[in-house]
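Structure data (compact mmCIF, C-alpha atoms) from work-v4.txt:
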# COMPACT_ATOMS: atom_id res chain seq x y z
CA MET R 394 10.09 122.13 74.58
CA THR R 395 13.24 120.80 76.11
CA THR R 396 13.30 120.45 79.85
CA SER R 397 16.49 121.00 81.79
CA SER R 398 17.94 120.01 85.10
CA THR R 399 17.71 123.56 86.36
CA ASP R 400 15.93 123.51 89.67
CA ALA R 401 15.27 126.60 91.72
CA PRO R 402 15.56 126.22 95.49
CA GLU R 403 12.14 125.72 96.98
CA ALA R 404 10.47 124.87 100.22
CA LEU R 405 10.03 121.17 100.82
CA ASP R 406 6.34 120.55 101.27
CA ASP R 407 4.14 117.57 100.71
CA ARG R 408 5.30 115.46 97.81
CA VAL R 409 2.04 114.02 96.56
CA LEU R 410 1.57 113.89 92.81
CA ASP R 411 -1.71 113.54 90.95
CA PHE R 412 -1.64 111.28 87.87
CA PRO R 413 -5.12 111.77 86.35
CA LEU R 414 -4.49 108.96 83.83
CA GLY R 415 -2.68 106.66 86.23
CA ILE R 416 0.43 105.16 84.63
CA PRO R 417 0.62 102.62 81.78
CA GLY R 418 -0.37 99.25 83.18
CA PHE R 419 -1.87 100.82 86.32
CA PRO R 420 -4.57 103.22 85.12
CA GLY R 421 -6.33 103.28 88.49
CA ALA R 422 -3.26 104.42 90.41
CA THR R 423 -3.80 108.16 90.27
CA HIS R 424 -2.21 109.36 93.50
CA TRP R 425 1.43 108.77 94.30
CA VAL R 426 3.86 110.17 96.85
CA LEU R 427 7.62 110.57 96.61
CA THR R 428 9.83 109.83 99.59
CA ASP R 429 13.61 109.92 99.79
CA LEU R 430 15.33 106.54 99.99
CA VAL R 431 18.79 107.87 100.70
CA GLU R 432 20.04 110.97 102.48
CA ASP R 433 21.69 112.55 99.47
CA GLY R 434 18.47 112.41 97.45
CA ALA R 435 19.86 110.24 94.68
CA PHE R 436 16.92 107.83 94.83
CA GLN R 437 13.29 108.24 95.76
CA LEU R 438 10.46 105.80 96.26
CA LEU R 439 7.35 106.56 94.22
CA GLN R 440 4.57 104.99 96.27
CA SER R 441 0.95 104.63 95.18
CA LEU R 442 -1.57 106.01 97.65
CA ASP R 443 -4.30 103.94 95.97
CA ASN R 444 -2.61 100.56 96.34
CA GLU R 445 0.12 100.10 98.91
CA GLU R 446 1.62 97.22 96.93
CA LEU R 447 2.55 99.57 94.10
CA SER R 448 5.85 101.36 94.47
CA MET R 449 8.99 101.85 92.43
CA VAL R 450 12.42 103.34 92.88
CA VAL R 451 12.97 106.50 90.84
CA SER R 452 15.73 109.00 90.29
CA VAL R 453 16.47 112.26 88.55
CA PRO R 454 17.85 111.18 85.15
CA TRP R 455 20.43 113.98 84.97
CA LEU R 456 22.26 112.56 87.96
CA PHE R 457 23.32 109.68 85.75
CA PHE R 458 22.85 111.06 82.25
CA PRO R 459 23.90 114.75 82.28
CA ASP R 460 23.16 115.10 78.56
CA TYR R 461 19.64 113.72 78.76
CA ALA R 462 17.36 116.12 76.90
CA PRO R 463 13.77 114.87 76.96
CA ASN R 464 11.78 116.65 74.29
CA LEU R 465 8.17 116.71 75.41
CA ALA R 466 5.42 116.67 72.81
CA ASP R 467 3.37 119.86 72.68
CA GLY R 468 0.31 117.89 73.75
CA GLU R 469 2.02 116.68 76.91
CA VAL R 470 3.25 120.15 77.76
CA GLU R 471 -0.25 121.51 77.24
CA ALA R 472 -1.91 118.76 79.27
CA LEU R 473 0.49 119.35 82.14
CA GLY R 474 0.18 123.12 81.96
CA ILE R 475 3.94 123.50 81.84
CA GLU R 476 5.11 126.85 80.51
CA SER R 477 8.84 126.61 81.07
CA ALA R 478 11.41 123.99 81.94
CA GLU R 479 11.46 125.33 85.50
CA ASP R 480 7.83 124.24 85.91
CA ALA R 481 8.70 120.59 85.34
CA ILE R 482 9.74 117.90 87.79
CA VAL R 483 11.28 115.00 85.87
CA PHE R 484 12.21 111.57 87.18
CA CYS R 485 12.58 108.05 85.81
CA SER R 486 11.96 104.56 87.13
CA VAL R 487 14.81 102.28 88.11
CA THR R 488 14.53 98.53 87.59
CA VAL R 489 16.83 95.96 89.13
CA PRO R 490 16.66 92.76 87.10
CA GLU R 491 17.10 89.44 88.86
CA GLY R 492 20.53 87.93 88.47
CA ASP R 493 23.63 89.79 87.40
CA ALA R 494 22.16 92.18 84.86
CA PRO R 495 22.79 95.84 85.71
CA PRO R 496 20.08 98.13 87.08
CA THR R 497 18.37 100.09 84.33
CA MET R 498 16.58 103.40 84.02
CA ASN R 499 13.59 104.04 81.79
CA LEU R 500 14.66 107.05 79.73
CA LEU R 501 11.99 106.44 77.08
CA SER R 502 9.05 107.35 79.28
CA PRO R 503 10.01 109.66 82.14
CA PHE R 504 7.56 110.91 84.72
CA VAL R 505 6.91 114.62 84.33
CA ALA R 506 5.03 116.69 86.88
CA ASN R 507 3.98 120.29 87.02
CA ARG R 508 5.80 121.68 90.04
CA HIS R 509 2.99 124.08 90.84
CA THR R 510 -0.19 122.07 90.23
CA ARG R 511 1.31 118.66 91.20
CA VAL R 512 -0.31 117.13 88.11
CA ALA R 513 1.88 114.42 86.58
CA ARG R 514 2.05 112.05 83.63
CA GLN R 515 4.29 109.34 82.42
CA VAL R 516 5.14 110.65 78.98
CA VAL R 517 6.50 108.80 75.95
CA LEU R 518 9.32 110.67 74.26
CA ASP R 519 9.78 108.80 70.99
CA ASP R 520 9.91 105.34 69.55
CA ASP R 521 13.54 104.61 70.41
CA GLU R 522 12.57 101.60 72.48
CA ASP R 523 16.14 100.79 73.49
CA ARG R 524 16.08 103.72 75.90
CA ILE R 525 13.43 102.01 78.00
CA ARG R 526 16.11 99.91 79.71
CA THR R 527 19.24 102.03 79.81
CA PRO R 528 21.87 100.54 82.13
CA LEU R 529 22.78 102.85 85.01
CA PRO R 530 26.42 103.83 84.44
CA LEU R 531 28.71 102.57 87.15
CA GLY R 532 30.56 105.31 88.99
CA ALA R 533 28.73 108.06 87.15
CA MET N 180 -14.11 94.43 66.88
CA LEU N 181 -15.57 96.63 64.18
CA VAL N 182 -13.97 95.78 60.85
CA LEU N 183 -13.99 98.27 57.97
CA THR N 184 -12.42 98.07 54.54
CA ARG N 185 -10.70 101.22 53.27
CA ARG N 186 -8.65 102.19 50.23
CA PRO N 187 -5.59 104.42 50.29
CA GLY N 188 -6.74 108.00 50.67
CA GLU N 189 -9.88 106.98 52.52
CA ALA N 190 -10.35 107.64 56.21
CA ILE N 191 -12.19 106.64 59.34
CA VAL N 192 -13.51 109.17 61.84
CA ILE N 193 -13.66 108.19 65.51
CA GLY N 194 -15.82 110.43 67.66
CA SER N 195 -15.81 114.02 66.53
CA ASP N 196 -12.12 114.78 66.53
CA VAL N 197 -10.06 111.72 65.63
CA LYS N 198 -9.47 110.88 61.97
CA ILE N 199 -7.42 107.94 60.73
CA THR N 200 -6.41 108.00 57.08
CA VAL N 201 -4.94 105.10 55.12
CA LEU N 202 -2.14 106.84 53.23
CA GLU N 203 -0.37 104.11 51.36
CA VAL N 204 -0.25 100.34 51.04
CA ARG N 205 3.07 98.88 50.02
CA GLY N 206 3.51 95.13 50.29
CA ASP N 207 2.76 94.15 53.89
CA GLN N 208 3.20 97.69 55.21
CA ILE N 209 0.43 100.20 55.57
CA ARG N 210 1.09 103.88 56.26
CA ILE N 211 -1.55 105.46 58.42
CA GLY N 212 -2.09 109.12 59.19
CA ILE N 213 -3.73 110.14 62.45
CA ASP N 214 -5.35 113.48 63.12
CA ALA N 215 -6.20 113.80 66.79
CA PRO N 216 -6.32 116.51 69.44
CA ARG N 217 -3.03 117.01 71.22
CA SER N 218 -4.58 115.67 74.42
CA VAL N 219 -5.08 112.25 72.83
CA LYS N 220 -2.01 110.08 73.19
CA VAL N 221 -1.18 107.93 70.19
CA HIS N 222 1.36 105.12 70.48
CA ARG N 223 2.46 102.15 68.49
CA GLU N 224 0.97 99.31 70.49
CA GLU N 225 4.24 97.46 71.09
CA VAL N 226 5.84 100.60 72.57
CA TYR N 227 2.94 101.14 74.92
CA ARG N 228 2.94 97.48 76.00
CA GLU N 229 6.68 97.67 76.63
CA ILE N 230 6.17 100.68 78.90
CA GLU N 231 3.48 98.77 80.78
CA ARG N 232 5.89 95.86 81.15
CA THR N 233 8.72 98.08 82.33
CA ASN N 234 6.47 99.71 84.92
CA ALA N 235 5.44 96.26 86.15
CA ASP N 236 9.11 95.24 86.32
CA ALA N 237 10.07 98.41 88.19
CA ILE N 238 7.25 97.73 90.66
CA SER N 239 8.11 94.07 91.15
CA SER N 240 11.77 94.92 91.70
CA ALA N 241 11.03 97.90 93.98
CA GLY N 242 11.88 96.05 97.18
CA ARG N 243 15.19 94.84 95.80
CA ALA N 244 15.99 98.23 94.29
CA ALA N 245 15.14 100.06 97.50
CA ASP N 246 17.35 97.69 99.55
CA LEU N 247 20.23 98.23 97.12
CA ALA N 248 19.73 101.99 97.14
CA ARG N 249 19.64 102.16 100.95
CA GLY N 250 22.69 99.93 101.15
CA GLY N 251 24.61 102.15 98.74
CA ARG N 252 24.81 99.28 96.29
CA LEU N 253 23.15 100.98 93.36
CA PRO N 254 25.42 102.95 91.04
CA ARG N 255 25.92 106.39 92.56
CA PRO N 256 25.97 109.72 90.85
CA SER N 257 29.07 111.79 91.50
CA ARG N 258 29.06 113.81 94.72
CA ALA N 259 28.89 117.07 92.85
CA ARG N 260 25.50 116.08 91.55
CA VAL N 261 23.85 115.26 94.85
CA VAL N 262 20.44 116.85 95.00
CA PRO N 263 19.61 119.25 97.82
CA PRO N 264 16.29 118.30 99.49
CA GLN N 265 14.38 121.25 98.09
CA ASP N 266 15.33 120.28 94.54
CA ARG N 267 14.42 116.63 94.73
CA PRO N 268 11.53 115.35 92.65
CA GLY N 269 8.31 116.15 94.39
CA ALA N 270 9.65 119.09 96.35
CA SER N 271 6.81 121.55 96.43
CA ASP N 272 6.74 125.05 95.08
CA ASP N 273 5.36 127.47 97.62
CA ARG N 274 7.25 130.60 96.84
Can I see the file as structure tokens?
Amino acid sequence: MTTSSTDAPEALDDRVLDFPLGIPGFPGATHWVLTDLVEDGAFQLLQSLDNEELSMVVSVPWLFFPDYAPNLADGEVEALGIESAEDAIVFCSVTVPEGDAPPTMNLLSPFVANRHTRVARQVVLDDDEDRIRTPLPLGA
Amino acid sequence: MLVLTRRPGEAIVIGSDVKITVLEVRGDQIRIGIDAPRSVKVHREEVYREIERTNADAISSAGRAADLARGGRLPRPSRARVVPPQDRPGASDDR
């Protein structure tokens, strides 16, 4: 299935997500919470509730890449219990390298959560490894 | 590590529902077929390790990234694409 950026208006409630498998490299970090970093919602902090030292900046990929069309494997869709694109919350990590290199977004393995159950996974879309560090476009 | 020798066309079964078949050997490349339940994730190792590394990098740069984001010094999406609070990632669905 292809997910889309279509988001229905909803009540803002708690923003805890359950990652039963953790995330690659941090298998024990199964509970994370999203908090807004900036008022306009462009960036969030994904903070581990299991280890306070684990957090990363994330963003909705479509803000920067309107044509992004992550195609989730059937197995991922099944595991997440997602039935339609509207069920999915999708966001990607942002990395700021040291030095002058531009900030990058990981478009290869976005985080996908089921909006209703709050179950989430970091999925792997394909083997196009270049997308793992996609520079954030300036003035998108 | 368990080491087994297989010929093309022969397979290995792991547990009750994962089967790995050696399809073809051509020079130094070996084509492998994997039958596994959809719930089992299969990755080329280097891709998986790269994702681990990128997660570690995102975590180690979180403080810097958060400071830049708060200071408006990360690239910004256009105003038209600003996300209303209820549509931000993690917003709950209690309709």
With all atoms listed in the file as the counted atoms, please give the residues lying no more than 9 Å from stretch 501-507 of chain R, apart from itself and same-chain residues fewer than 6 positions off, as a ChimeraX atom specification. /R:410-412,454,463,473-475,480-486,513-527 /N:230,268-269
Now that the selection is made, can you save its residues with C-alpha atoms as a PDB file, in the frame of the given file?
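Wrote it out as result_25.pdb, contents follow:
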ATOM      1  CA  LEU R 410       1.570 113.890  92.810  1.00  0.00           C
ATOM      2  CA  ASP R 411      -1.710 113.540  90.950  1.00  0.00           C
ATOM      3  CA  PHE R 412      -1.640 111.280  87.870  1.00  0.00           C
ATOM      4  CA  PRO R 454      17.850 111.180  85.150  1.00  0.00           C
ATOM      5  CA  PRO R 463      13.770 114.870  76.960  1.00  0.00           C
ATOM      6  CA  LEU R 473       0.490 119.350  82.140  1.00  0.00           C
ATOM      7  CA  GLY R 474       0.180 123.120  81.960  1.00  0.00           C
ATOM      8  CA  ILE R 475       3.940 123.500  81.840  1.00  0.00           C
ATOM      9  CA  ASP R 480       7.830 124.240  85.910  1.00  0.00           C
ATOM     10  CA  ALA R 481       8.700 120.590  85.340  1.00  0.00           C
ATOM     11  CA  ILE R 482       9.740 117.900  87.790  1.00  0.00           C
ATOM     12  CA  VAL R 483      11.280 115.000  85.870  1.00  0.00           C
ATOM     13  CA  PHE R 484      12.210 111.570  87.180  1.00  0.00           C
ATOM     14  CA  CYS R 485      12.580 108.050  85.810  1.00  0.00           C
ATOM     15  CA  SER R 486      11.960 104.560  87.130  1.00  0.00           C
ATOM     16  CA  ALA R 513       1.880 114.420  86.580  1.00  0.00           C
ATOM     17  CA  ARG R 514       2.050 112.050  83.630  1.00  0.00           C
ATOM     18  CA  GLN R 515       4.290 109.340  82.420  1.00  0.00           C
ATOM     19  CA  VAL R 516       5.140 110.650  78.980  1.00  0.00           C
ATOM     20  CA  VAL R 517       6.500 108.800  75.950  1.00  0.00           C
ATOM     21  CA  LEU R 518       9.320 110.670  74.260  1.00  0.00           C
ATOM     22  CA  ASP R 519       9.780 108.800  70.990  1.00  0.00           C
ATOM     23  CA  ASP R 520       9.910 105.340  69.550  1.00  0.00           C
ATOM     24  CA  ASP R 521      13.540 104.610  70.410  1.00  0.00           C
ATOM     25  CA  GLU R 522      12.570 101.600  72.480  1.00  0.00           C
ATOM     26  CA  ASP R 523      16.140 100.790  73.490  1.00  0.00           C
ATOM     27  CA  ARG R 524      16.080 103.720  75.900  1.00  0.00           C
ATOM     28  CA  ILE R 525      13.430 102.010  78.000  1.00  0.00           C
ATOM     29  CA  ARG R 526      16.110  99.910  79.710  1.00  0.00           C
ATOM     30  CA  THR R 527      19.240 102.030  79.810  1.00  0.00           C
TER      31      THR R 527
ATOM     32  CA  ILE N 230       6.170 100.680  78.900  1.00  0.00           C
ATOM     33  CA  PRO N 268      11.530 115.350  92.650  1.00  0.00           C
ATOM     34  CA  GLY N 269       8.310 116.150  94.390  1.00  0.00           C
TER      35      GLY N 269
END
Would you please work out which residue, of N:Leu247, N:Ile199, N:Ala241, N:Val219, is nearest to chain R when using all atoms listed in the file?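 Result for the nearest residue to chain R: N:Ala241.
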Select from chain R every residue with an atom at most 8 Å from any atom of chain N, then for each give the shortest pair of atoms and their distance in Å to one decimal, using all atoms listed in the file, rows by chain and rising number, as a Markdown table.
| residue | atom | partner | partner_atom | distance |
| --- | --- | --- | --- | --- |
| R:Asp400 | CA | N:Asp266 | CA | 5.9 |
| R:Ala401 | CA | N:Asp266 | CA | 6.9 |
| R:Pro402 | CA | N:Gln265 | CA | 5.7 |
| R:Glu403 | CA | N:Gln265 | CA | 5.1 |
| R:Ala404 | CA | N:Gln265 | CA | 5.7 |
| R:Leu405 | CA | N:Ala270 | CA | 4.9 |
| R:Asp406 | CA | N:Ser271 | CA | 5.0 |
| R:Asp407 | CA | N:Ser271 | CA | 6.4 |
| R:Arg408 | CA | N:Gly269 | CA | 4.6 |
| R:Val409 | CA | N:Gly269 | CA | 7.0 |
| R:Leu410 | CA | N:Gly269 | CA | 7.3 |
| R:Pro417 | CA | N:Glu231 | CA | 4.9 |
| R:Gly418 | CA | N:Glu231 | CA | 4.6 |
| R:Phe419 | CA | N:Glu231 | CA | 8.0 |
| R:Val426 | CA | N:Gly269 | CA | 7.8 |
| R:Leu427 | CA | N:Gly269 | CA | 6.0 |
| R:Leu430 | CA | N:Arg249 | CA | 6.2 |
| R:Val431 | CA | N:Arg249 | CA | 5.8 |
| R:Asp433 | CA | N:Val261 | CA | 5.8 |
| R:Gly434 | CA | N:Val262 | CA | 5.4 |
| R:Ala435 | CA | N:Val261 | CA | 6.4 |
| R:Phe436 | CA | N:Ala248 | CA | 6.9 |
| R:Gln437 | CA | N:Pro268 | CA | 8.0 |
| R:Leu438 | CA | N:Ala245 | CA | 7.5 |
| R:Leu447 | CA | N:Ile238 | CA | 6.1 |
| R:Ser448 | CA | N:Ile238 | CA | 5.4 |
| R:Met449 | CA | N:Ala241 | CA | 4.7 |
| R:Val450 | CA | N:Ala241 | CA | 5.7 |
| R:Ser452 | CA | N:Pro268 | CA | 8.0 |
| R:Val453 | CA | N:Pro268 | CA | 7.1 |
| R:Leu456 | CA | N:Pro256 | CA | 5.5 |
| R:Phe457 | CA | N:Pro256 | CA | 5.7 |
| R:Asp467 | CA | N:Arg217 | CA | 7.2 |
| R:Gly468 | CA | N:Arg217 | CA | 4.3 |
| R:Glu469 | CA | N:Ser218 | CA | 7.1 |
| R:Glu471 | CA | N:Ser218 | CA | 7.8 |
| R:Ala472 | CA | N:Ser218 | CA | 6.3 |
| R:Ile482 | CA | N:Pro268 | CA | 5.8 |
| R:Val483 | CA | N:Pro268 | CA | 6.8 |
| R:Phe484 | CA | N:Pro268 | CA | 6.7 |
| R:Ser486 | CA | N:Ala237 | CA | 6.5 |
| R:Val487 | CA | N:Ala237 | CA | 6.1 |
| R:Thr488 | CA | N:Ala237 | CA | 4.5 |
| R:Val489 | CA | N:Ala244 | CA | 5.7 |
| R:Pro490 | CA | N:Ser240 | CA | 7.1 |
| R:Pro496 | CA | N:Leu253 | CA | 7.5 |
| R:Asn499 | CA | N:Thr233 | CA | 7.7 |
| R:Ser502 | CA | N:Ile230 | CA | 7.3 |
| R:Arg508 | CA | N:Asp272 | CA | 6.1 |
| R:His509 | CA | N:Asp272 | CA | 5.7 |
| R:Asp520 | CA | N:Val226 | CA | 6.9 |
| R:Glu522 | CA | N:Val226 | CA | 6.8 |
| R:Ile525 | CA | N:Ile230 | CA | 7.4 |
| R:Leu529 | CA | N:Pro254 | CA | 6.6 |
| R:Pro530 | CA | N:Pro254 | CA | 6.7 |
| R:Leu531 | CA | N:Pro254 | CA | 5.1 |
| R:Gly532 | CA | N:Arg255 | CA | 6.0 |
| R:Ala533 | CA | N:Pro256 | CA | 4.9 |
Spatial neighbours of stretch 200-207 of chain N, max dist 7 Å, all atoms listed in the file, sep filter under 4 positions, as a PyMOL selection string: chain N and resi 186-191+211-213
For stretch 464-468 of chain R, I'd like the enclosing box, axis-aligned and padded by 6 Å on every side, reported as JSON with centre and edge lengths in Å to one decimal.
{"center_x": 6.0, "center_y": 118.3, "center_z": 74.0, "size_x": 23.5, "size_y": 15.2, "size_z": 14.7}
Report, in Å with one decimal, the straight-line distance from atom CA of R:Val451 to atom CA of R:Leu439.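 Separating atom CA of R:Val451 from atom CA of R:Leu439 is a distance of 6.6 Å.
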Of the candidates R:Met498, R:Val470, R:Leu442, R:Ala462, which one gets nearest to R:Val512 if we count all atoms listed in the file? R:Val470
Pairwise distance for atom CA of N:Lys198 and atom CA of N:Asp214, rounded to one decimal in Å: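 Separation of atom CA of N:Lys198 and atom CA of N:Asp214: 5.0 Å.
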Proximity to R:Gln440 - best of R:Ala494, R:Ala422, R:Ser477, R:Trp455, only C-alpha atoms: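 Among the listed residues, R:Ala422 lies closest to R:Gln440.
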Using all atoms listed in the file for the distances, tell me which of R:Leu500, R:Glu479, R:Pro528, R:Arg511 is nearest to R:Trp425.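 Using all atoms listed in the file, the shortest distance to R:Trp425 belongs to R:Arg511.
Counting from atom CA of R:Pro413, the distance to atom CA of R:Asp443 is 12.4 Å.
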Show me that you can extract stretch 442-456 of chain R, keeping N, CA and C atoms, and write it as a PDB file, in the first residue's frame.
ATOM      1  N   LEU R 442      11.092   6.498  26.424  1.00  0.00           N
ATOM      2  CA  LEU R 442      10.640   6.479  27.812  1.00  0.00           C
ATOM      3  C   LEU R 442      11.396   5.421  28.607  1.00  0.00           C
ATOM      4  N   ASP R 443      12.184   4.595  27.897  1.00  0.00           N
ATOM      5  CA  ASP R 443      12.958   3.549  28.555  1.00  0.00           C
ATOM      6  C   ASP R 443      14.353   4.027  28.930  1.00  0.00           C
ATOM      7  N   ASN R 444      14.864   4.991  28.190  1.00  0.00           N
ATOM      8  CA  ASN R 444      16.215   5.492  28.413  1.00  0.00           C
ATOM      9  C   ASN R 444      16.220   6.974  28.050  1.00  0.00           C
ATOM     10  N   GLU R 445      16.335   7.820  29.065  1.00  0.00           N
ATOM     11  CA  GLU R 445      16.175   9.256  28.805  1.00  0.00           C
ATOM     12  C   GLU R 445      17.270   9.830  27.908  1.00  0.00           C
ATOM     13  N   GLU R 446      18.360   9.072  27.748  1.00  0.00           N
ATOM     14  CA  GLU R 446      19.437   9.577  26.884  1.00  0.00           C
ATOM     15  C   GLU R 446      19.150   9.363  25.402  1.00  0.00           C
ATOM     16  N   LEU R 447      18.093   8.625  25.106  1.00  0.00           N
ATOM     17  CA  LEU R 447      17.759   8.347  23.708  1.00  0.00           C
ATOM     18  C   LEU R 447      16.658   9.267  23.224  1.00  0.00           C
ATOM     19  N   SER R 448      17.010  10.144  22.293  1.00  0.00           N
ATOM     20  CA  SER R 448      15.997  10.972  21.651  1.00  0.00           C
ATOM     21  C   SER R 448      16.516  11.353  20.274  1.00  0.00           C
ATOM     22  N   MET R 449      15.599  11.686  19.399  1.00  0.00           N
ATOM     23  CA  MET R 449      16.014  12.173  18.080  1.00  0.00           C
ATOM     24  C   MET R 449      14.979  13.146  17.558  1.00  0.00           C
ATOM     25  N   VAL R 450      15.440  14.033  16.683  1.00  0.00           N
ATOM     26  CA  VAL R 450      14.532  14.989  16.056  1.00  0.00           C
ATOM     27  C   VAL R 450      13.904  14.302  14.842  1.00  0.00           C
ATOM     28  N   VAL R 451      12.602  14.454  14.700  1.00  0.00           N
ATOM     29  CA  VAL R 451      11.889  13.833  13.582  1.00  0.00           C
ATOM     30  C   VAL R 451      10.972  14.862  12.928  1.00  0.00           C
ATOM     31  N   SER R 452      10.530  14.523  11.731  1.00  0.00           N
ATOM     32  CA  SER R 452       9.616  15.403  11.020  1.00  0.00           C
ATOM     33  C   SER R 452       8.778  14.590  10.040  1.00  0.00           C
ATOM     34  N   VAL R 453       7.661  15.189   9.651  1.00  0.00           N
ATOM     35  CA  VAL R 453       6.815  14.567   8.640  1.00  0.00           C
ATOM     36  C   VAL R 453       7.507  14.730   7.283  1.00  0.00           C
ATOM     37  N   PRO R 454       7.820  13.625   6.602  1.00  0.00           N
ATOM     38  CA  PRO R 454       8.614  13.746   5.374  1.00  0.00           C
ATOM     39  C   PRO R 454       7.968  14.608   4.295  1.00  0.00           C
ATOM     40  N   TRP R 455       6.638  14.612   4.228  1.00  0.00           N
ATOM     41  CA  TRP R 455       5.964  15.353   3.153  1.00  0.00           C
ATOM     42  C   TRP R 455       6.111  16.860   3.270  1.00  0.00           C
ATOM     43  N   LEU R 456       6.512  17.323   4.461  1.00  0.00           N
ATOM     44  CA  LEU R 456       6.757  18.762   4.596  1.00  0.00           C
ATOM     45  C   LEU R 456       7.905  19.181   3.687  1.00  0.00           C
TER      46      LEU R 456
END
